[in-house]
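Here's target15.cif, which has mmCIF, C-alpha atoms, pLDDT in the B column; chains and numbers go by the auth columns:
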```cif
data_upload
loop_
_atom_site.group_PDB
_atom_site.id
_atom_site.type_symbol
_atom_site.label_atom_id
_atom_site.label_comp_id
_atom_site.label_asym_id
_atom_site.label_seq_id
_atom_site.Cartn_x
_atom_site.Cartn_y
_atom_site.Cartn_z
_atom_site.B_iso_or_equiv
_atom_site.auth_seq_id
_atom_site.auth_asym_id
ATOM 1 C CA MET A 1 -11.056 -28.185 -33.477 42.00 23 A
ATOM 2 C CA THR A 2 -8.183 -26.570 -35.336 45.00 24 A
ATOM 3 C CA ALA A 3 -8.465 -25.013 -38.760 44.00 25 A
ATOM 4 C CA VAL A 4 -6.017 -26.042 -41.446 42.00 26 A
ATOM 5 C CA MET A 5 -4.498 -23.056 -43.202 39.00 27 A
ATOM 6 C CA PRO A 6 -3.905 -23.400 -46.954 40.00 28 A
ATOM 7 C CA SER A 7 -0.361 -22.845 -48.196 45.00 29 A
ATOM 8 C CA VAL A 8 -1.575 -19.951 -50.335 48.00 30 A
ATOM 9 C CA PRO A 9 -4.150 -17.712 -48.661 50.00 31 A
ATOM 10 C CA PRO A 10 -7.374 -17.056 -50.580 55.00 32 A
ATOM 11 C CA THR A 11 -7.204 -13.901 -52.625 66.00 33 A
ATOM 12 C CA ASP A 12 -9.487 -11.448 -54.337 81.00 34 A
ATOM 13 C CA LEU A 13 -6.936 -10.922 -57.121 88.00 35 A
ATOM 14 C CA ALA A 14 -7.731 -11.931 -60.679 90.00 36 A
ATOM 15 C CA PRO A 15 -5.395 -14.451 -62.362 91.00 37 A
ATOM 16 C CA ASP A 16 -4.505 -11.806 -64.962 91.00 38 A
ATOM 17 C CA SER A 17 -3.389 -9.270 -62.318 92.00 39 A
ATOM 18 C CA TYR A 18 -0.043 -7.629 -63.063 95.00 40 A
ATOM 19 C CA VAL A 19 3.078 -8.491 -61.100 96.00 41 A
ATOM 20 C CA LEU A 20 6.747 -7.707 -61.682 96.00 42 A
ATOM 21 C CA LEU A 21 9.339 -10.437 -61.075 96.00 43 A
ATOM 22 C CA GLY A 22 13.092 -10.029 -60.904 95.00 44 A
ATOM 23 C CA VAL A 23 16.215 -12.142 -60.613 94.00 45 A
ATOM 24 C CA ALA A 24 18.573 -10.802 -57.938 93.00 46 A
ATOM 25 C CA THR A 25 22.047 -11.841 -56.917 92.00 47 A
ATOM 26 C CA CYS A 26 22.034 -12.681 -53.218 91.00 48 A
ATOM 27 C CA TYR A 27 24.584 -14.382 -51.003 90.00 49 A
ATOM 28 C CA LEU A 28 24.630 -17.255 -48.541 88.00 50 A
ATOM 29 C CA ARG A 29 27.184 -17.536 -45.755 85.00 51 A
ATOM 30 C CA GLN A 30 28.745 -20.971 -45.732 83.00 52 A
ATOM 31 C CA GLU A 31 31.688 -21.790 -43.502 82.00 53 A
ATOM 32 C CA GLY A 32 32.920 -18.217 -43.319 78.00 54 A
ATOM 33 C CA GLU A 33 32.602 -17.555 -47.048 85.00 55 A
ATOM 34 C CA THR A 34 29.833 -16.004 -49.104 84.00 56 A
ATOM 35 C CA VAL A 35 28.412 -17.897 -52.066 87.00 57 A
ATOM 36 C CA ALA A 36 26.461 -16.106 -54.806 88.00 58 A
ATOM 37 C CA VAL A 37 22.908 -17.347 -55.438 89.00 59 A
ATOM 38 C CA ASP A 38 20.404 -16.036 -57.986 92.00 60 A
ATOM 39 C CA VAL A 39 16.906 -15.648 -56.524 94.00 61 A
ATOM 40 C CA VAL A 40 13.657 -14.880 -58.341 95.00 62 A
ATOM 41 C CA GLU A 41 11.320 -12.696 -56.307 95.00 63 A
ATOM 42 C CA PRO A 42 8.386 -10.323 -56.832 96.00 64 A
ATOM 43 C CA ILE A 43 9.017 -6.592 -56.887 95.00 65 A
ATOM 44 C CA PRO A 44 6.412 -4.212 -55.392 95.00 66 A
ATOM 45 C CA SER A 45 5.403 -1.049 -57.241 93.00 67 A
ATOM 46 C CA ALA A 46 7.241 1.291 -54.849 91.00 68 A
ATOM 47 C CA TYR A 47 10.581 -0.403 -55.570 93.00 69 A
ATOM 48 C CA LEU A 48 9.935 -0.349 -59.323 91.00 70 A
ATOM 49 C CA GLU A 49 10.197 3.448 -59.269 88.00 71 A
ATOM 50 C CA THR A 50 13.665 3.326 -57.721 89.00 72 A
ATOM 51 C CA LEU A 51 14.797 0.717 -60.268 91.00 73 A
ATOM 52 C CA ILE A 52 13.760 2.933 -63.169 89.00 74 A
ATOM 53 C CA GLN A 53 15.514 5.956 -61.649 91.00 75 A
ATOM 54 C CA GLY A 54 18.852 4.127 -61.761 90.00 76 A
ATOM 55 C CA THR A 55 19.378 3.244 -58.115 92.00 77 A
ATOM 56 C CA PRO A 56 22.015 0.510 -57.694 94.00 78 A
ATOM 57 C CA THR A 57 20.269 -2.825 -57.291 93.00 79 A
ATOM 58 C CA ALA A 58 21.007 -6.530 -56.972 93.00 80 A
ATOM 59 C CA TYR A 59 18.460 -7.251 -59.734 93.00 81 A
ATOM 60 C CA HIS A 60 20.003 -8.012 -63.111 91.00 82 A
ATOM 61 C CA GLN A 61 16.739 -8.870 -64.889 92.00 83 A
ATOM 62 C CA VAL A 62 13.082 -7.934 -64.357 94.00 84 A
ATOM 63 C CA TRP A 63 9.943 -8.777 -66.319 94.00 85 A
ATOM 64 C CA GLY A 64 6.240 -8.079 -66.193 95.00 86 A
ATOM 65 C CA THR A 65 3.873 -11.033 -65.975 95.00 87 A
ATOM 66 C CA THR A 66 0.490 -12.090 -64.656 94.00 88 A
ATOM 67 C CA LEU A 67 -0.315 -13.459 -61.228 93.00 89 A
ATOM 68 C CA ALA A 68 -1.235 -16.877 -62.650 93.00 90 A
ATOM 69 C CA ALA A 69 2.009 -17.119 -64.634 93.00 91 A
ATOM 70 C CA ALA A 70 4.076 -16.017 -61.643 93.00 92 A
ATOM 71 C CA LEU A 71 2.539 -18.625 -59.344 92.00 93 A
ATOM 72 C CA ALA A 72 3.089 -21.323 -61.978 92.00 94 A
ATOM 73 C CA LEU A 73 6.669 -20.218 -62.711 90.00 95 A
ATOM 74 C CA ASP A 74 9.175 -23.017 -63.159 87.00 96 A
ATOM 75 C CA VAL A 75 12.597 -21.589 -62.269 84.00 97 A
ATOM 76 C CA ALA A 76 14.260 -24.296 -64.375 80.00 98 A
ATOM 77 C CA THR A 77 12.983 -22.467 -67.487 79.00 99 A
ATOM 78 C CA LEU A 78 14.819 -19.247 -66.576 81.00 100 A
ATOM 79 C CA THR A 79 18.177 -18.539 -68.160 72.00 101 A
ATOM 80 C CA PRO A 80 20.795 -18.408 -65.399 68.00 102 A
ATOM 81 C CA LYS A 81 23.540 -15.800 -65.350 69.00 103 A
ATOM 82 C CA ASP A 82 27.016 -17.390 -65.251 70.00 104 A
ATOM 83 C CA ASN A 83 25.452 -20.878 -64.979 72.00 105 A
ATOM 84 C CA THR A 84 24.330 -20.121 -61.410 73.00 106 A
ATOM 85 C CA PRO A 85 21.101 -21.974 -60.523 80.00 107 A
ATOM 86 C CA ILE A 86 18.067 -19.782 -59.882 89.00 108 A
ATOM 87 C CA HIS A 87 15.918 -20.361 -56.783 90.00 109 A
ATOM 88 C CA ARG A 88 12.581 -19.005 -55.604 92.00 110 A
ATOM 89 C CA CYS A 89 12.655 -16.599 -52.684 92.00 111 A
ATOM 90 C CA ALA A 90 11.242 -17.557 -49.295 90.00 112 A
ATOM 91 C CA ASP A 91 7.430 -17.262 -49.079 92.00 113 A
ATOM 92 C CA PHE A 92 7.268 -16.831 -52.847 94.00 114 A
ATOM 93 C CA GLU A 93 3.499 -17.302 -53.279 94.00 115 A
ATOM 94 C CA SER A 94 2.427 -14.900 -50.544 93.00 116 A
ATOM 95 C CA ARG A 95 4.986 -12.299 -51.651 95.00 117 A
ATOM 96 C CA VAL A 96 3.765 -12.538 -55.260 95.00 118 A
ATOM 97 C CA MET A 97 0.200 -11.849 -54.147 94.00 119 A
ATOM 98 C CA ALA A 98 1.307 -8.963 -51.939 94.00 120 A
ATOM 99 C CA ALA A 99 3.259 -7.412 -54.831 94.00 121 A
ATOM 100 C CA ALA A 100 0.267 -7.866 -57.163 94.00 122 A
ATOM 101 C CA ARG A 101 -1.880 -5.909 -54.700 93.00 123 A
ATOM 102 C CA THR A 102 0.545 -2.976 -54.882 93.00 124 A
ATOM 103 C CA TYR A 103 0.063 -2.804 -58.658 93.00 125 A
ATOM 104 C CA ARG A 104 -3.717 -3.063 -58.271 89.00 126 A
ATOM 105 C CA SER A 105 -3.654 0.067 -56.107 87.00 127 A
ATOM 106 C CA ARG A 106 -1.219 1.827 -58.504 90.00 128 A
ATOM 107 C CA PRO A 107 -2.130 0.632 -62.029 87.00 129 A
ATOM 108 C CA GLN A 108 0.028 3.310 -63.708 90.00 130 A
ATOM 109 C CA ALA A 109 3.144 1.493 -62.427 89.00 131 A
ATOM 110 C CA ALA A 110 2.219 -1.574 -64.501 88.00 132 A
ATOM 111 C CA THR A 111 2.706 0.419 -67.711 90.00 133 A
ATOM 112 C CA VAL A 112 6.439 0.929 -67.075 91.00 134 A
ATOM 113 C CA ILE A 113 7.313 -2.720 -67.852 93.00 135 A
ATOM 114 C CA PRO A 114 4.239 -4.231 -69.566 93.00 136 A
ATOM 115 C CA ILE A 115 3.288 -7.896 -69.371 94.00 137 A
ATOM 116 C CA GLY A 116 5.569 -10.003 -71.552 92.00 138 A
ATOM 117 C CA THR A 117 8.468 -7.533 -71.627 93.00 139 A
ATOM 118 C CA HIS A 118 11.902 -7.886 -70.020 91.00 140 A
ATOM 119 C CA ARG A 119 14.292 -5.247 -68.849 92.00 141 A
ATOM 120 C CA GLN A 120 18.008 -5.784 -68.248 91.00 142 A
ATOM 121 C CA ASP A 121 19.320 -2.216 -68.459 91.00 143 A
ATOM 122 C CA LEU A 122 19.276 -1.788 -64.675 92.00 144 A
ATOM 123 C CA ASN A 123 22.042 -0.304 -62.547 93.00 145 A
ATOM 124 C CA TYR A 124 23.233 -3.742 -61.403 92.00 146 A
ATOM 125 C CA SER A 125 25.583 -3.666 -58.437 91.00 147 A
ATOM 126 C CA THR A 126 26.557 -6.060 -55.680 88.00 148 A
ATOM 127 C CA ALA A 127 28.519 -3.495 -53.688 89.00 149 A
ATOM 128 C CA HIS A 128 26.028 -3.960 -50.830 87.00 150 A
ATOM 129 C CA LYS A 129 25.638 -7.722 -50.603 86.00 151 A
ATOM 130 C CA ARG A 130 22.201 -9.109 -49.741 85.00 152 A
ATOM 131 C CA ILE A 131 22.914 -11.908 -47.261 84.00 153 A
ATOM 132 C CA LEU A 132 20.051 -14.429 -47.064 85.00 154 A
ATOM 133 C CA ASN A 133 21.137 -16.202 -43.889 77.00 155 A
ATOM 134 C CA PRO A 134 22.749 -13.541 -41.686 76.00 156 A
ATOM 135 C CA LYS A 135 23.847 -14.368 -38.154 76.00 157 A
ATOM 136 C CA ASN A 136 24.296 -11.591 -35.664 76.00 158 A
ATOM 137 C CA LYS A 137 27.219 -12.049 -33.303 76.00 159 A
ATOM 138 C CA VAL A 138 26.732 -10.128 -30.101 76.00 160 A
ATOM 139 C CA SER A 139 29.822 -9.175 -28.136 76.00 161 A
ATOM 140 C CA LYS A 140 30.494 -7.307 -24.898 76.00 162 A
ATOM 141 C CA ALA A 141 31.578 -4.313 -26.974 75.00 163 A
ATOM 142 C CA ASP A 142 27.947 -3.998 -28.143 72.00 164 A
ATOM 143 C CA ASN A 143 26.747 -3.234 -24.614 74.00 165 A
ATOM 144 C CA VAL A 144 25.756 0.334 -23.910 72.00 166 A
ATOM 145 C CA LYS A 145 27.522 1.934 -20.960 70.00 167 A
ATOM 146 C CA GLN A 146 25.041 3.380 -18.490 71.00 168 A
ATOM 147 C CA HIS A 147 25.357 5.681 -15.564 71.00 169 A
ATOM 148 C CA LYS A 148 25.588 3.744 -12.297 74.00 170 A
ATOM 149 C CA TYR A 149 22.376 5.421 -11.033 72.00 171 A
ATOM 150 C CA THR A 150 20.279 4.548 -14.095 70.00 172 A
ATOM 151 C CA HIS A 151 18.276 1.776 -12.433 71.00 173 A
ATOM 152 C CA GLU A 152 18.053 3.264 -8.947 74.00 174 A
ATOM 153 C CA VAL A 153 15.222 5.327 -7.552 74.00 175 A
ATOM 154 C CA LEU A 154 16.672 8.562 -6.202 66.00 176 A
#
```
Would you mind writing the structure in this file as structure tokens?
Amino acid sequence: MTAVMPSVPPTDLAPDSYVLLGVATCYLRQEGETVAVDVVEPIPSAYLETLIQGTPTAYHQVWGTTLAAALALDVATLTPKDNTPIHRCADFESRVMAAARTYRSRPQAATVIPIGTHRQDLNYSTAHKRILNPKNKVSKADNVKQHKYTHEVL
């Protein structure tokens, strides 16, 4: 008999648990070109500290919310930047719960951007593009040159 796994694993988190969400500019490779895509994704407490310190980031908007509101989020209600559609990140539900756990273990981080508040004064930069569908091309030049006796027992 096989067990059926639910799409969202059971959790010990309360529906009013804090979680931080952000909209980031990411890129998709399509036919040799990169296309900008806005993605909403949860932000763990450790990354929140770097955002506040002014580190360049792909996030152009972040907001504090509850776990229940994040899981029920309708991306169609979000205001897109430059009329670019906003999408959920991959594994959105499980990542939201994982991020909420980081704030449960560090509750002081939840006071930086309280529930119901937005922040857009981030150091937004796309100098380092976040590619969502990267493909690694391996070539002969990637091979490491080894000594001819490397695999021989001497």
- [ ] For atom CA of A:Arg128 and atom CA of A:Pro78, quote the distance in Å rounded to one decimal.
- [x]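 So the two atoms, atom CA of A:Arg128 and atom CA of A:Pro78, lie 23.3 Å apart.
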Open item on the list: Can you measure atom CA of A:Glu55 to atom CA of A:Pro156 for me? One decimal in Å is fine.
Closed with: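 Interatomic distance here is 11.9 Å.
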Open item on the list: Just the number, please: distance in Å from atom CA of A:Ala46 to atom CA of A:Ala58, one decimal.
Closed with: 10.0 Å
TODO: Find the residues near A:Asn145: any atom within 9 Å, counting all atoms listed in the file, skip ones fewer than 4 places away on the same chain, and give them as JSON, numbers by chain.
DONE: {"A": [73, 74, 76, 77, 78, 79, 80, 81, 82]}
Return as a PDB file with C-alpha atoms, in the coordinates of the input the set of residues that the PyMOL selection byres ((chain A and resi 139) around 6) yields on the displayed structure.
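And here's expr-v9.pdb as it stands now:
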```pdb
ATOM      1  CA  TRP A  85       9.943  -8.777 -66.319  1.00 94.00           C
ATOM      2  CA  GLY A  86       6.240  -8.079 -66.193  1.00 95.00           C
ATOM      3  CA  PRO A 136       4.239  -4.231 -69.566  1.00 93.00           C
ATOM      4  CA  ILE A 137       3.288  -7.896 -69.371  1.00 94.00           C
ATOM      5  CA  GLY A 138       5.569 -10.003 -71.552  1.00 92.00           C
ATOM      6  CA  HIS A 140      11.902  -7.886 -70.020  1.00 91.00           C
TER       7      HIS A 140
END
```
- [ ] Give the answer as one residue: which of A:Gly44, A:Arg110, A:Asp34, A:Arg51 has the shortest atom-to-atom distance to A:Ala94, using all atoms listed in the file?
- [x]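 Of A:Gly44, A:Arg110, A:Asp34, A:Arg51, the one nearest A:Ala94, counting all atoms listed in the file, is A:Arg110.
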Task: From A:Thr47, A:Ser67, A:Asn165, A:Ser127, residue lying nearest A:Arg152 [all atoms listed in the file] - done: A:Thr47
Size and centre in Å, one decimal, axis-aligned box, all listed stretch 42-49 of chain A atoms plus 4 Å per side, as AutoDock Vina command-line options:
```
--center_x 15.7 --center_y -11.0 --center_z -56.3 --size_x 25.8 --size_y 14.7 --size_z 18.7
```
Open item on the list: Could you check the closest approach to A:Ala131 for each of A:Ser161, A:Thr106, A:Gln52, A:Thr72 and tell me which residue wins, using all atoms listed in the file?
Closed with: A:Thr72
TODO: Considering only C-alpha atoms, return as a count of residues only whatever protein or nucleic-acid residues lie within 9 Å of A:Pro64, sequence-local ones (same chain, fewer than 4 positions apart) excluded.
DONE: 14
Task: Picked residues, the PyMOL selection byres ((chain A and resi 90) around 9), expected as a PyMOL selection string - done: chain A and resi 36-39+87-89+91-95
Task: Test item: the PyMOL selection byres ((chain A and resi 154) around 7) resolved as a PyMOL selection string - done: chain A and resi 48-50+152-153+155-156
Shell of 8 Å around A:Arg141, all atoms listed in the file, local chain residues under 2 positions omitted, as a CSV table (one decimal) with C-alpha atoms, in the frame of the given file:
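As a result, out_6.csv now contains:
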```csv
chain,number,residue,atom,x,y,z
A,83,GLN,CA,16.7,-8.9,-64.9
A,84,VAL,CA,13.1,-7.9,-64.4
A,85,TRP,CA,9.9,-8.8,-66.3
A,135,ILE,CA,7.3,-2.7,-67.9
A,139,THR,CA,8.5,-7.5,-71.6
A,143,ASP,CA,19.3,-2.2,-68.5
A,144,LEU,CA,19.3,-1.8,-64.7
```
Task: Neighbours of point (30.6, -15.6, -63.5) within 12 Å, using all atoms listed in the file, written as an MDAnalysis selection string - done: chainID A and resid 47 57:60 102:107
Open item on the list: My list of candidates is A:Ile65, A:His109, A:Leu35, A:Gln168. Which is closest to A:Arg126 when distances are computed with all atoms listed in the file?
Closed with: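 With all atoms listed in the file as the atom set, the closest residue is A:Leu35.
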Missing atoms in stretch 133-154 of chain A should be modelled up to N, CA and C atoms and reported as a PDB file, keeping the file's coordinate frame.
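Result file rebuild-v7.pdb:
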```
ATOM      1  N   THR A 133       2.426   0.026 -66.332  1.00 90.00           N
ATOM      2  CA  THR A 133       2.706   0.419 -67.711  1.00 90.00           C
ATOM      3  C   THR A 133       4.194   0.632 -67.969  1.00 90.00           C
ATOM      4  N   VAL A 134       5.004   0.698 -66.914  1.00 91.00           N
ATOM      5  CA  VAL A 134       6.439   0.929 -67.075  1.00 91.00           C
ATOM      6  C   VAL A 134       7.109  -0.269 -67.741  1.00 91.00           C
ATOM      7  N   ILE A 135       6.812  -1.476 -67.265  1.00 93.00           N
ATOM      8  CA  ILE A 135       7.313  -2.720 -67.852  1.00 93.00           C
ATOM      9  C   ILE A 135       6.087  -3.594 -68.102  1.00 93.00           C
ATOM     10  N   PRO A 136       5.479  -3.500 -69.295  1.00 93.00           N
ATOM     11  CA  PRO A 136       4.239  -4.231 -69.566  1.00 93.00           C
ATOM     12  C   PRO A 136       4.407  -5.747 -69.498  1.00 93.00           C
ATOM     13  N   ILE A 137       3.290  -6.433 -69.404  1.00 94.00           N
ATOM     14  CA  ILE A 137       3.288  -7.896 -69.371  1.00 94.00           C
ATOM     15  C   ILE A 137       3.966  -8.424 -70.631  1.00 94.00           C
ATOM     16  N   GLY A 138       4.870  -9.375 -70.433  1.00 92.00           N
ATOM     17  CA  GLY A 138       5.569 -10.003 -71.552  1.00 92.00           C
ATOM     18  C   GLY A 138       6.860  -9.320 -71.958  1.00 92.00           C
ATOM     19  N   THR A 139       7.229  -8.224 -71.277  1.00 93.00           N
ATOM     20  CA  THR A 139       8.468  -7.533 -71.627  1.00 93.00           C
ATOM     21  C   THR A 139       9.502  -7.723 -70.521  1.00 93.00           C
ATOM     22  N   HIS A 140      10.765  -7.737 -70.937  1.00 91.00           N
ATOM     23  CA  HIS A 140      11.902  -7.886 -70.020  1.00 91.00           C
ATOM     24  C   HIS A 140      12.674  -6.579 -69.990  1.00 91.00           C
ATOM     25  N   ARG A 141      13.404  -6.399 -68.922  1.00 92.00           N
ATOM     26  CA  ARG A 141      14.292  -5.247 -68.849  1.00 92.00           C
ATOM     27  C   ARG A 141      15.578  -5.679 -68.150  1.00 92.00           C
ATOM     28  N   GLN A 142      16.709  -5.414 -68.809  1.00 91.00           N
ATOM     29  CA  GLN A 142      18.008  -5.784 -68.248  1.00 91.00           C
ATOM     30  C   GLN A 142      18.954  -4.596 -68.142  1.00 91.00           C
ATOM     31  N   ASP A 143      18.473  -3.417 -68.494  1.00 91.00           N
ATOM     32  CA  ASP A 143      19.320  -2.216 -68.459  1.00 91.00           C
ATOM     33  C   ASP A 143      19.246  -1.530 -67.091  1.00 91.00           C
ATOM     34  N   LEU A 144      19.343  -2.311 -66.030  1.00 92.00           N
ATOM     35  CA  LEU A 144      19.276  -1.788 -64.675  1.00 92.00           C
ATOM     36  C   LEU A 144      20.678  -1.455 -64.184  1.00 92.00           C
ATOM     37  N   ASN A 145      20.763  -0.674 -63.135  1.00 93.00           N
ATOM     38  CA  ASN A 145      22.042  -0.304 -62.547  1.00 93.00           C
ATOM     39  C   ASN A 145      22.464  -1.430 -61.586  1.00 93.00           C
ATOM     40  N   TYR A 146      22.895  -2.546 -62.168  1.00 92.00           N
ATOM     41  CA  TYR A 146      23.233  -3.742 -61.403  1.00 92.00           C
ATOM     42  C   TYR A 146      24.508  -3.528 -60.601  1.00 92.00           C
ATOM     43  N   SER A 147      24.429  -3.822 -59.306  1.00 91.00           N
ATOM     44  CA  SER A 147      25.583  -3.666 -58.437  1.00 91.00           C
ATOM     45  C   SER A 147      25.447  -4.613 -57.248  1.00 91.00           C
ATOM     46  N   THR A 148      26.548  -5.224 -56.886  1.00 88.00           N
ATOM     47  CA  THR A 148      26.557  -6.060 -55.680  1.00 88.00           C
ATOM     48  C   THR A 148      27.495  -5.472 -54.630  1.00 88.00           C
ATOM     49  N   ALA A 149      27.662  -4.160 -54.663  1.00 89.00           N
ATOM     50  CA  ALA A 149      28.519  -3.495 -53.688  1.00 89.00           C
ATOM     51  C   ALA A 149      27.987  -3.714 -52.265  1.00 89.00           C
ATOM     52  N   HIS A 150      26.671  -3.665 -52.112  1.00 87.00           N
ATOM     53  CA  HIS A 150      26.028  -3.960 -50.830  1.00 87.00           C
ATOM     54  C   HIS A 150      25.412  -5.341 -50.960  1.00 87.00           C
ATOM     55  N   LYS A 151      26.074  -6.339 -50.442  1.00 86.00           N
ATOM     56  CA  LYS A 151      25.638  -7.722 -50.603  1.00 86.00           C
ATOM     57  C   LYS A 151      24.376  -8.001 -49.789  1.00 86.00           C
ATOM     58  N   ARG A 152      23.415  -8.666 -50.422  1.00 85.00           N
ATOM     59  CA  ARG A 152      22.201  -9.109 -49.741  1.00 85.00           C
ATOM     60  C   ARG A 152      22.455 -10.514 -49.202  1.00 85.00           C
ATOM     61  N   ILE A 153      22.644 -10.622 -47.905  1.00 84.00           N
ATOM     62  CA  ILE A 153      22.914 -11.908 -47.261  1.00 84.00           C
ATOM     63  C   ILE A 153      21.576 -12.533 -46.875  1.00 84.00           C
ATOM     64  N   LEU A 154      21.322 -13.764 -47.328  1.00 85.00           N
ATOM     65  CA  LEU A 154      20.051 -14.429 -47.064  1.00 85.00           C
ATOM     66  C   LEU A 154      19.998 -15.108 -45.699  1.00 85.00           C
TER      67      LEU A 154
END
```
